[in-house]
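**Q** Contents of start_32.cif (mmCIF, C-alpha atoms) are below:
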data_model
#
loop_
_atom_site.label_atom_id
_atom_site.label_comp_id
_atom_site.auth_asym_id
_atom_site.auth_seq_id
_atom_site.Cartn_x
_atom_site.Cartn_y
_atom_site.Cartn_z
CA MET A 1 322.75 255.14 38.99
CA ASN A 2 323.67 251.69 37.71
CA ARG A 3 326.07 250.28 40.34
CA ASP A 4 326.57 246.90 38.66
CA LEU A 5 328.94 245.89 35.87
CA PRO A 6 327.35 245.48 32.44
CA ARG A 7 327.24 241.88 31.29
CA TRP A 8 329.59 242.57 28.36
CA ILE A 9 332.30 243.56 30.83
CA ASP A 10 331.64 240.66 33.20
CA VAL A 11 331.60 237.94 30.55
CA GLY A 12 333.85 239.52 27.93
CA VAL A 13 336.34 242.05 29.20
CA ILE A 14 337.23 240.51 32.56
CA PRO A 15 337.94 236.99 31.17
CA ALA A 16 340.04 238.57 28.40
CA VAL A 17 342.04 240.53 30.99
CA ASN A 18 342.54 237.36 33.04
CA ILE A 19 343.87 235.55 29.98
CA LEU A 20 346.20 238.46 29.21
CA LEU A 21 347.54 238.42 32.78
CA ALA A 22 348.06 234.67 32.56
CA PHE A 23 350.05 235.01 29.35
CA LEU A 24 352.11 237.86 30.78
CA VAL A 25 353.11 235.73 33.76
CA ALA A 26 353.70 232.76 31.44
CA GLY A 27 355.92 235.01 29.32
CA LEU A 28 358.03 235.77 32.37
CA VAL A 29 358.35 232.05 33.07
CA VAL A 30 359.47 231.41 29.48
CA LEU A 31 361.95 234.29 29.75
CA VAL A 32 363.42 232.81 32.93
CA ALA A 33 363.75 229.50 31.07
CA GLY A 34 365.98 231.28 28.56
CA GLU A 35 363.61 231.50 25.60
CA ASN A 36 362.00 234.42 23.78
CA PRO A 37 358.35 234.81 24.93
CA LEU A 38 357.25 236.29 21.60
CA ASP A 39 358.77 233.38 19.68
CA ALA A 40 357.08 230.97 22.07
CA LEU A 41 353.73 232.72 21.58
CA SER A 42 354.12 232.51 17.81
CA VAL A 43 354.82 228.77 17.98
CA LEU A 44 351.92 228.29 20.39
CA VAL A 45 349.43 230.00 18.08
CA THR A 46 350.76 228.36 14.92
CA GLY A 47 350.79 224.96 16.59
CA ALA A 48 347.19 225.37 17.67
CA VAL A 49 345.48 226.90 14.63
CA GLY A 50 348.18 227.38 11.99
CA TYR A 51 347.36 224.38 9.80
CA GLU A 52 344.51 221.92 9.25
CA GLU A 53 345.83 219.07 11.36
CA ALA A 54 346.49 221.41 14.28
CA ILE A 55 342.94 222.78 14.09
CA GLY A 56 341.62 219.21 14.13
CA TYR A 57 343.58 218.40 17.29
CA THR A 58 342.50 221.65 18.94
CA LEU A 59 338.84 220.88 18.24
CA TYR A 60 339.32 217.31 19.45
CA TYR A 61 340.65 218.53 22.81
CA ALA A 62 337.96 221.20 22.99
CA THR A 63 335.23 218.58 22.55
CA ASN A 64 336.19 216.89 25.82
CA LEU A 65 336.31 220.23 27.60
CA VAL A 66 332.86 221.21 26.35
CA PHE A 67 331.44 218.08 28.00
CA THR A 68 333.19 218.61 31.33
CA GLY A 69 332.64 222.38 31.28
CA LEU A 70 328.90 221.89 30.74
CA ALA A 71 328.86 219.31 33.53
CA VAL A 72 330.37 221.76 36.01
CA ALA A 73 328.17 224.62 34.78
CA VAL A 74 324.90 222.72 35.24
CA ALA A 75 325.88 221.95 38.83
CA PHE A 76 326.88 225.59 39.39
CA HIS A 77 323.37 226.72 38.48
CA ALA A 78 322.02 224.63 41.36
CA GLY A 79 324.63 225.99 43.77
CA LEU A 80 326.66 222.77 43.60
CA PHE A 81 330.41 222.58 43.06
CA ASN A 82 330.89 219.30 41.22
CA ILE A 83 334.60 218.49 41.33
CA GLY A 84 333.90 214.90 40.33
CA GLY A 85 333.90 215.39 36.56
CA GLU A 86 337.12 213.40 36.26
CA GLY A 87 335.67 210.35 37.98
CA GLN A 88 332.33 210.68 36.20
CA ALA A 89 334.10 210.86 32.84
CA TYR A 90 336.14 207.80 33.80
CA ILE A 91 333.07 205.74 34.72
CA GLY A 92 331.15 207.07 31.73
CA GLY A 93 333.95 205.76 29.53
CA LEU A 94 333.68 202.43 31.33
CA GLY A 95 330.01 202.29 30.39
CA ALA A 96 330.74 203.06 26.75
CA GLY A 97 333.54 200.53 26.70
CA LEU A 98 331.48 197.74 28.26
CA ALA A 99 328.70 198.35 25.76
CA ALA A 100 331.18 198.21 22.88
CA LEU A 101 332.93 195.09 24.16
CA SER A 102 329.64 193.29 24.79
CA LEU A 103 327.77 194.19 21.63
CA ASP A 104 330.30 194.94 18.89
CA GLY A 105 329.78 191.50 17.41
CA ALA A 106 326.00 191.61 17.60
CA LEU A 107 324.84 195.08 16.57
CA PRO A 108 325.54 197.23 13.51
CA ALA A 109 327.18 200.62 13.98
CA TRP A 110 323.95 202.61 13.61
CA MET A 111 322.56 200.75 16.65
CA LEU A 112 325.69 200.11 18.70
CA ILE A 113 327.07 203.66 18.78
CA PRO A 114 323.85 205.17 20.21
CA VAL A 115 323.70 202.34 22.78
CA ALA A 116 327.32 203.00 23.82
CA MET A 117 326.64 206.74 23.99
CA ALA A 118 323.63 206.14 26.21
CA ALA A 119 325.70 203.83 28.41
CA SER A 120 328.38 206.50 28.85
CA GLY A 121 325.77 209.01 30.01
CA LEU A 122 324.00 206.55 32.30
CA PHE A 123 327.22 205.37 33.95
CA GLY A 124 328.37 208.97 34.47
CA ALA A 125 324.98 209.89 35.92
CA ALA A 126 325.03 206.87 38.24
CA TRP A 127 328.48 207.83 39.53
CA ALA A 128 327.23 211.35 40.30
CA PHE A 129 323.95 210.13 41.85
CA LEU A 130 325.36 209.06 45.21
CA PRO A 131 327.27 212.32 45.96
CA GLY A 132 324.08 214.20 45.05
CA TRP A 133 321.95 211.95 47.24
CA LEU A 134 324.38 212.26 50.15
CA GLN A 135 324.26 216.06 50.00
CA ALA A 136 320.50 216.21 49.60
CA HIS A 137 319.59 213.65 52.27
CA ARG A 138 322.58 213.46 54.62
CA GLY A 139 324.21 216.88 54.36
CA SER A 140 327.53 215.53 53.06
CA HIS A 141 329.10 218.32 51.05
CA VAL A 142 329.29 217.49 47.36
CA VAL A 143 332.82 218.91 47.07
CA ILE A 144 334.17 216.33 49.51
CA THR A 145 332.20 213.38 48.18
CA THR A 146 332.98 214.07 44.52
CA ILE A 147 336.70 214.33 45.30
CA MET A 148 336.50 210.97 47.09
CA PHE A 149 334.60 209.47 44.17
CA ASN A 150 337.36 210.56 41.78
CA PHE A 151 339.78 208.35 43.72
CA LEU A 152 337.25 205.54 43.89
CA ALA A 153 336.75 205.70 40.12
CA SER A 154 340.50 205.55 39.55
CA ALA A 155 340.92 202.57 41.88
CA LEU A 156 337.95 200.77 40.31
CA MET A 157 339.31 201.26 36.79
CA VAL A 158 342.77 200.02 37.79
CA HIS A 159 341.24 196.88 39.29
CA LEU A 160 339.03 196.21 36.27
CA MET A 161 341.70 196.87 33.66
CA VAL A 162 344.42 194.87 35.44
CA ASN A 163 342.34 191.93 36.64
CA VAL A 164 339.14 191.70 34.60
CA LEU A 165 339.06 193.51 31.26
CA ILE A 166 342.70 193.22 30.17
CA HIS A 167 343.17 191.55 26.82
CA PRO A 168 344.78 188.13 27.43
CA GLY A 169 348.41 187.83 26.48
CA GLN A 170 349.47 191.45 26.88
CA MET A 171 351.16 193.40 29.66
CA SER A 172 349.54 196.77 29.06
CA PRO A 173 346.29 197.20 31.05
CA GLU A 174 344.04 197.62 28.01
CA SER A 175 341.03 195.79 26.69
CA ARG A 176 340.88 194.25 23.25
CA VAL A 177 340.22 196.60 20.36
CA PHE A 178 336.53 197.28 19.80
CA GLY A 179 334.95 195.99 16.64
CA GLU A 180 334.65 198.64 13.95
CA ALA A 181 330.90 198.82 14.56
CA ALA A 182 331.75 200.66 17.80
CA TRP A 183 334.07 203.22 16.20
CA MET A 184 332.79 206.79 16.08
CA PRO A 185 333.54 207.98 12.53
CA PHE A 186 336.41 210.42 12.09
CA LEU A 187 335.42 213.76 10.61
CA HIS A 188 338.00 213.57 7.83
CA GLU A 189 336.55 210.21 6.76
CA VAL A 190 332.96 211.51 6.79
CA LEU A 191 333.88 214.58 4.76
CA ALA A 192 335.93 212.50 2.33
CA GLY A 193 332.75 210.57 1.61
CA VAL A 194 331.13 213.74 0.27
CA GLY A 195 334.17 214.90 -1.66
CA ILE A 196 335.71 217.27 0.91
CA THR A 197 339.33 216.65 1.83
CA ILE A 198 340.76 217.76 5.17
CA ALA A 199 343.84 216.68 7.10
CA ARG A 200 343.69 213.55 9.25
CA SER A 201 343.22 214.18 12.97
CA PRO A 202 341.49 212.57 15.97
CA LEU A 203 338.50 214.88 15.47
CA ASN A 204 335.38 212.75 15.14
CA LEU A 205 331.61 213.10 15.14
CA SER A 206 331.59 213.45 18.93
CA ILE A 207 331.97 217.17 18.29
CA LEU A 208 328.41 217.20 16.93
CA TRP A 209 327.18 215.55 20.14
CA ALA A 210 329.03 218.24 22.11
CA ALA A 211 327.25 220.92 20.08
CA LEU A 212 323.88 219.27 20.78
CA ALA A 213 324.80 219.08 24.47
CA CYS A 214 325.34 222.86 24.47
CA VAL A 215 321.89 223.42 22.98
CA PHE A 216 320.36 220.98 25.46
CA VAL A 217 321.94 222.71 28.47
CA TRP A 218 320.84 226.15 27.29
CA LEU A 219 317.27 224.96 26.77
CA LEU A 220 317.26 223.06 30.05
CA ILE A 221 318.46 225.97 32.16
CA ASN A 222 316.61 228.79 30.41
CA ARG A 223 313.48 227.34 28.85
CA THR A 224 312.17 224.58 31.12
CA ARG A 225 310.44 224.32 34.50
CA TRP A 226 313.23 222.04 35.68
CA GLY A 227 315.79 224.67 34.73
CA TYR A 228 313.82 227.27 36.67
CA ALA A 229 313.86 224.96 39.67
CA ILE A 230 317.63 224.47 39.31
CA ARG A 231 318.27 228.21 39.18
CA THR A 232 315.93 228.89 42.09
CA VAL A 233 317.57 226.29 44.32
CA GLY A 234 320.98 227.68 43.39
CA ALA A 235 319.94 231.26 44.17
CA ASN A 236 317.94 230.69 47.36
CA GLU A 237 317.03 227.26 48.65
CA SER A 238 314.61 228.64 51.23
CA ALA A 239 312.76 230.58 48.56
CA ALA A 240 312.63 227.43 46.44
CA VAL A 241 310.95 225.54 49.29
CA TYR A 242 308.48 228.40 49.75
CA GLY A 243 307.69 228.20 46.03
CA GLY A 244 306.91 224.50 46.22
CA ILE A 245 310.21 223.21 44.81
CA ASP A 246 311.82 220.15 46.40
CA PRO A 247 315.54 221.03 46.75
CA LYS A 248 316.49 217.42 47.45
CA LEU A 249 315.01 216.25 44.17
CA VAL A 250 316.63 219.12 42.30
CA ILE A 251 320.07 218.47 43.82
CA VAL A 252 320.02 214.77 43.00
CA GLY A 253 318.61 215.32 39.51
CA THR A 254 321.08 218.08 38.70
CA MET A 255 324.04 215.96 39.78
CA CYS A 256 322.80 213.13 37.55
CA VAL A 257 322.58 215.48 34.56
CA SER A 258 326.04 216.83 35.40
CA GLY A 259 327.50 213.33 35.67
CA ALA A 260 325.94 212.27 32.36
CA LEU A 261 327.51 215.24 30.57
CA ALA A 262 330.92 214.43 32.02
CA GLY A 263 330.47 210.77 31.08
CA PHE A 264 330.27 211.73 27.40
CA VAL A 265 334.04 212.27 27.41
CA GLY A 266 334.24 208.52 26.94
CA ILE A 267 332.50 208.83 23.57
CA ASN A 268 335.18 211.11 22.17
CA GLU A 269 338.13 209.32 23.73
CA LEU A 270 337.22 205.64 23.56
CA LEU A 271 334.72 205.30 20.73
CA GLY A 272 336.28 208.09 18.70
CA VAL A 273 340.05 207.70 19.13
CA HIS A 274 341.47 204.85 21.23
CA HIS A 275 338.90 202.17 20.25
CA ARG A 276 339.65 200.24 23.43
CA LEU A 277 339.27 200.63 27.18
CA LEU A 278 342.45 201.84 28.86
CA LEU A 279 343.65 203.67 31.95
CA ASN A 280 343.90 207.44 32.35
CA PHE A 281 342.10 208.34 29.13
CA THR A 282 340.46 211.28 30.94
CA ALA A 283 343.83 213.09 31.15
CA GLY A 284 342.60 215.76 33.59
CA TYR A 285 339.73 217.00 31.43
CA GLY A 286 337.37 216.85 34.40
CA PHE A 287 339.49 219.25 36.42
CA THR A 288 340.14 221.61 33.51
CA GLY A 289 336.38 221.68 32.97
CA ILE A 290 336.07 223.62 36.23
CA ALA A 291 338.18 226.46 34.81
CA VAL A 292 336.26 226.24 31.52
CA ALA A 293 332.94 226.65 33.32
CA LEU A 294 334.23 229.55 35.40
CA MET A 295 335.69 231.35 32.39
CA GLY A 296 332.52 230.73 30.40
CA ARG A 297 330.38 232.08 33.26
CA GLY A 298 328.27 228.93 33.11
CA HIS A 299 326.82 229.79 29.69
CA PRO A 300 327.17 227.27 26.83
CA VAL A 301 328.53 229.91 24.41
CA GLY A 302 331.14 231.00 26.93
CA ILE A 303 332.01 227.37 27.63
CA VAL A 304 332.57 226.70 23.92
CA LEU A 305 334.89 229.71 23.65
CA ALA A 306 336.80 228.73 26.80
CA SER A 307 337.07 225.13 25.56
CA LEU A 308 338.56 226.34 22.28
CA LEU A 309 341.12 228.36 24.23
CA PHE A 310 342.16 225.44 26.40
CA GLY A 311 342.11 223.09 23.42
CA ALA A 312 344.51 225.47 21.69
CA LEU A 313 346.72 225.47 24.78
CA TYR A 314 346.78 221.66 24.82
CA GLN A 315 347.73 221.42 21.15
CA GLY A 316 349.99 224.47 20.99
CA GLY A 317 351.74 223.40 24.18
CA THR A 318 352.80 220.18 22.50
CA GLU A 319 354.44 222.21 19.73
CA LEU A 320 356.31 224.30 22.32
CA ASP A 321 357.82 221.16 23.79
CA PHE A 322 359.02 220.10 20.33
CA GLU A 323 360.40 223.44 19.16
CA PHE A 324 362.25 224.83 22.19
CA GLU A 325 365.05 223.17 24.07
CA GLY A 326 364.43 225.26 27.18
CA ILE A 327 360.68 224.61 27.26
CA THR A 328 360.08 221.11 28.58
CA ARG A 329 356.77 219.30 28.87
CA ASP A 330 356.69 220.19 32.56
CA LEU A 331 357.06 223.88 31.72
CA VAL A 332 354.21 223.59 29.23
CA VAL A 333 352.06 222.20 32.05
CA VAL A 334 353.05 225.22 34.15
CA ILE A 335 351.94 227.58 31.36
CA GLN A 336 348.64 225.75 31.02
CA GLY A 337 348.25 225.81 34.79
CA LEU A 338 348.74 229.57 34.87
CA VAL A 339 345.87 230.04 32.44
CA ILE A 340 343.73 227.71 34.54
CA LEU A 341 344.73 229.62 37.69
CA PHE A 342 343.84 233.05 36.32
CA SER A 343 340.74 231.83 34.50
CA GLY A 344 339.50 229.53 37.24
CA ALA A 345 340.62 230.20 40.80
CA LEU A 346 341.25 233.91 40.11
CA ALA A 347 338.37 234.37 37.67
CA TYR A 348 336.85 237.21 39.71
CA MET A 349 340.12 238.75 40.88
CA MET A 350 339.70 241.77 38.59
CA HIS A 351 335.99 242.20 39.30
CA PRO A 352 336.35 244.71 42.20
CA LEU A 353 338.78 246.88 40.22
CA ALA A 354 336.56 246.74 37.13
CA LEU A 355 333.53 247.69 39.23
CA ARG A 356 335.31 250.70 40.72
CA LEU A 357 336.45 251.87 37.30
CA TRP A 358 332.95 251.43 35.88
CA ARG A 359 331.37 253.39 38.69
CA ARG A 360 333.87 256.18 38.18
CA LEU A 361 333.66 256.31 34.36
CA SER A 362 330.02 255.43 33.79
CA PRO A 363 328.07 258.34 32.27
CA GLU A 364 325.25 257.58 34.72
CA THR A 365 327.43 258.35 37.72
CA GLY A 366 326.09 261.12 39.86
CA ARG A 367 322.56 261.03 38.46
#
In structure tokens, what does this structure look like?
**A**
Amino acid sequence: MNRDLPRWIDVGVIPAVNILLAFLVAGLVVLVAGENPLDALSVLVTGAVGYEEAIGYTLYYATNLVFTGLAVAVAFHAGLFNIGGEGQAYIGGLGAGLAALSLDGALPAWMLIPVAMAASGLFGAAWAFLPGWLQAHRGSHVVITTIMFNFLASALMVHLMVNVLIHPGQMSPESRVFGEAAWMPFLHEVLAGVGITIARSPLNLSILWAALACVFVWLLINRTRWGYAIRTVGANESAAVYGGIDPKLVIVGTMCVSGALAGFVGINELLGVHHRLLLNFTAGYGFTGIAVALMGRGHPVGIVLASLLFGALYQGGTELDFEFEGITRDLVVVIQGLVILFSGALAYMMHPLALRLWRRLSPETGR
């Protein structure tokens, strides 16, 4: 008798049930706030995917979440819980920004943008290296060190933006605007060049880099010796040692890959949209990426789908704040938090019940 849940239930049905539960609880919250939950749901969906500009914003938010979700997922495969995506994204953006500020007057766009992209990945990887090294060689748990490094990244960015990189003559802690050679092209501008007209939105070519990152992660984990080593260390470190794998090397290397993926958030935010270095551009994407990775079960396809969901919540939530007097921005954050709670922290809450039902209803039962 098959005593385990089929994969289609584990990765499809259970996440869908978790989302449904989250929306049911969110509906109760909206009802308590004095608004009609069905009307709110209609506005949420329309605001997220109901017109071209909304779809562009949803995909723009989803791009960031793909990067951070992949970052968390790669670490998961090695048995590591990387909570430092926020800090790694922050420092990755610093790398991209420094490259743009230093070279935007010297290099053309076709050279500068790849250099800035590489800098974002290298800076993110460097910020994740030390927590990985500390766990591998000193036994410091990566959860604790990555949390600490989030605060260190925030403090470092505040210092740099207020005292070093701020554009002279302004009060806001922002750098000067990058030269246009460092601007990631917007998708509506690229498509307009080939005769296709779509609505303006922040969506830019970073989404293609996110798609390539998904392919890279799938190939890395499933089709390479390094991916085999990552999965083996994550499943059984003792067995990995017996098989000739160095867990220390795998832990440090995996954290660097994870940090690089998170660092790519800076490409979308700074090169693609803001065109300057500024504070708090990460906007919690690193933390939401944890829920994205959990909902996506660590698989790139699942992460893309979960990122689209959370991107829709980000964009649709903004419309809720505009349309309903009783639904404030804080309440929108609560609704988003409920989805994160059920999809992240409670991702496996329904697993025992689903397993019991499957064992009872499976046609193989009793054989």
**Q** What's around region 144-159 of chain A at 10 Å? Count all atoms listed in the file, leave out sequence neighbours fewer than 2 positions away in its own chain, and write the answer as a PyMOL selection string.
**A** chain A and resi 81-91+94+127-128+130-132+134-135+140-142+161-166+173+277-280+286
**Q** Just to confirm, what's the straight-line distance from CA of Met255 (chain A) to CA of Gly124 (chain A) in Å (one decimal)?
**A**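 Between these atoms lies a distance of 9.8 Å.
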**Q** CA of Val292 (chain A) and CA of Val252 (chain A), how far apart in Å?
**A**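 Atom-to-atom, CA of Val252 (chain A) to CA of Val292 (chain A), that is 23.0 Å.
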**Q** Residues of region 32-149 of chain A that approach region 16-28 of chain A to 12 Å or less, counting all atoms listed in the file: could you list each one with the shortest pair of atoms and its distance in Å to one decimal, rows by chain and increasing residue number, as JSON lines?
**A**
{"residue": "A:Val32", "atom": "CA", "partner": "A:Leu28", "partner_atom": "CA", "distance": 6.2}
{"residue": "A:Ala33", "atom": "CA", "partner": "A:Leu28", "partner_atom": "CA", "distance": 8.6}
{"residue": "A:Gly34", "atom": "CA", "partner": "A:Leu28", "partner_atom": "CA", "distance": 9.9}
{"residue": "A:Glu35", "atom": "CA", "partner": "A:Gly27", "partner_atom": "CA", "distance": 9.2}
{"residue": "A:Asn36", "atom": "CA", "partner": "A:Gly27", "partner_atom": "CA", "distance": 8.2}
{"residue": "A:Pro37", "atom": "CA", "partner": "A:Gly27", "partner_atom": "CA", "distance": 5.0}
{"residue": "A:Leu38", "atom": "CA", "partner": "A:Gly27", "partner_atom": "CA", "distance": 7.9}
{"residue": "A:Asp39", "atom": "CA", "partner": "A:Gly27", "partner_atom": "CA", "distance": 10.2}
{"residue": "A:Ala40", "atom": "CA", "partner": "A:Gly27", "partner_atom": "CA", "distance": 8.4}
{"residue": "A:Leu41", "atom": "CA", "partner": "A:Gly27", "partner_atom": "CA", "distance": 8.4}
{"residue": "A:Ser42", "atom": "CA", "partner": "A:Gly27", "partner_atom": "CA", "distance": 11.9}
{"residue": "A:Leu44", "atom": "CA", "partner": "A:Phe23", "partner_atom": "CA", "distance": 11.4}
**Q** Return as a ChimeraX atom specification the set of residues that the PyMOL selection byres ((chain A and resi 65) around 10) yields on the displayed structure.
**A** /A:59-64,66-71,210,262,265,284-293,303-304,306-308,310-311
**Q** Check which residues satisfy the PyMOL selection byres ((chain A and resi 250) around 12) in the file shown, then give them as a PyMOL selection string.
**A** chain A and resi 74-75+77-80+129+132-133+135-137+225-234+237+240-241+244-249+251-258
**Q** Residue by residue, what does the PyMOL selection byres ((chain A and resi 180) around 12) grab here? Present the result as a list in words.
**A**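 After applying the PyMOL selection byres ((chain A and resi 180) around 12), what remains is Ala100, Leu101, Leu103, Asp104, Gly105, Ala106, Leu107, Pro108, Ala109, Trp110, Leu112, Ile113, Val177, Phe178, Gly179, Ala181, Ala182, Trp183, Met184, Pro185, Leu271, Gly272, Val273, His274, His275 and Arg276 of chain A.
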**Q** Looking at all atoms listed in the file, which of A:Leu219, A:Leu203, A:Leu294, A:Ala48 is the one that sits closest to Val190 (chain A)?
**A**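 Using all atoms listed in the file, Val190 (chain A) sits closest to A:Leu203.
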**Q** Could you tell me how far CA of Phe322 (chain A) lies from CA of Val45 (chain A), in Å and to one decimal?
**A**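 Interatomic distance, CA of Phe322 (chain A) to CA of Val45 (chain A): 14.0 Å.
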**Q** Pick out the closest residue to Gly263 (chain A) from this set: A:Ser238, A:Thr58, A:Ser120, A:Ile9. Count only C-alpha atoms.
**A** A:Ser120
**Q** Please determine, counting all atoms listed in the file, which residue among A:Pro300, A:Gly97, A:Gly47, A:Gly121 has the shortest atom-to-atom distance to Asn222 (chain A).
**A**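 With all atoms listed in the file as the atom set, the closest residue is A:Pro300.
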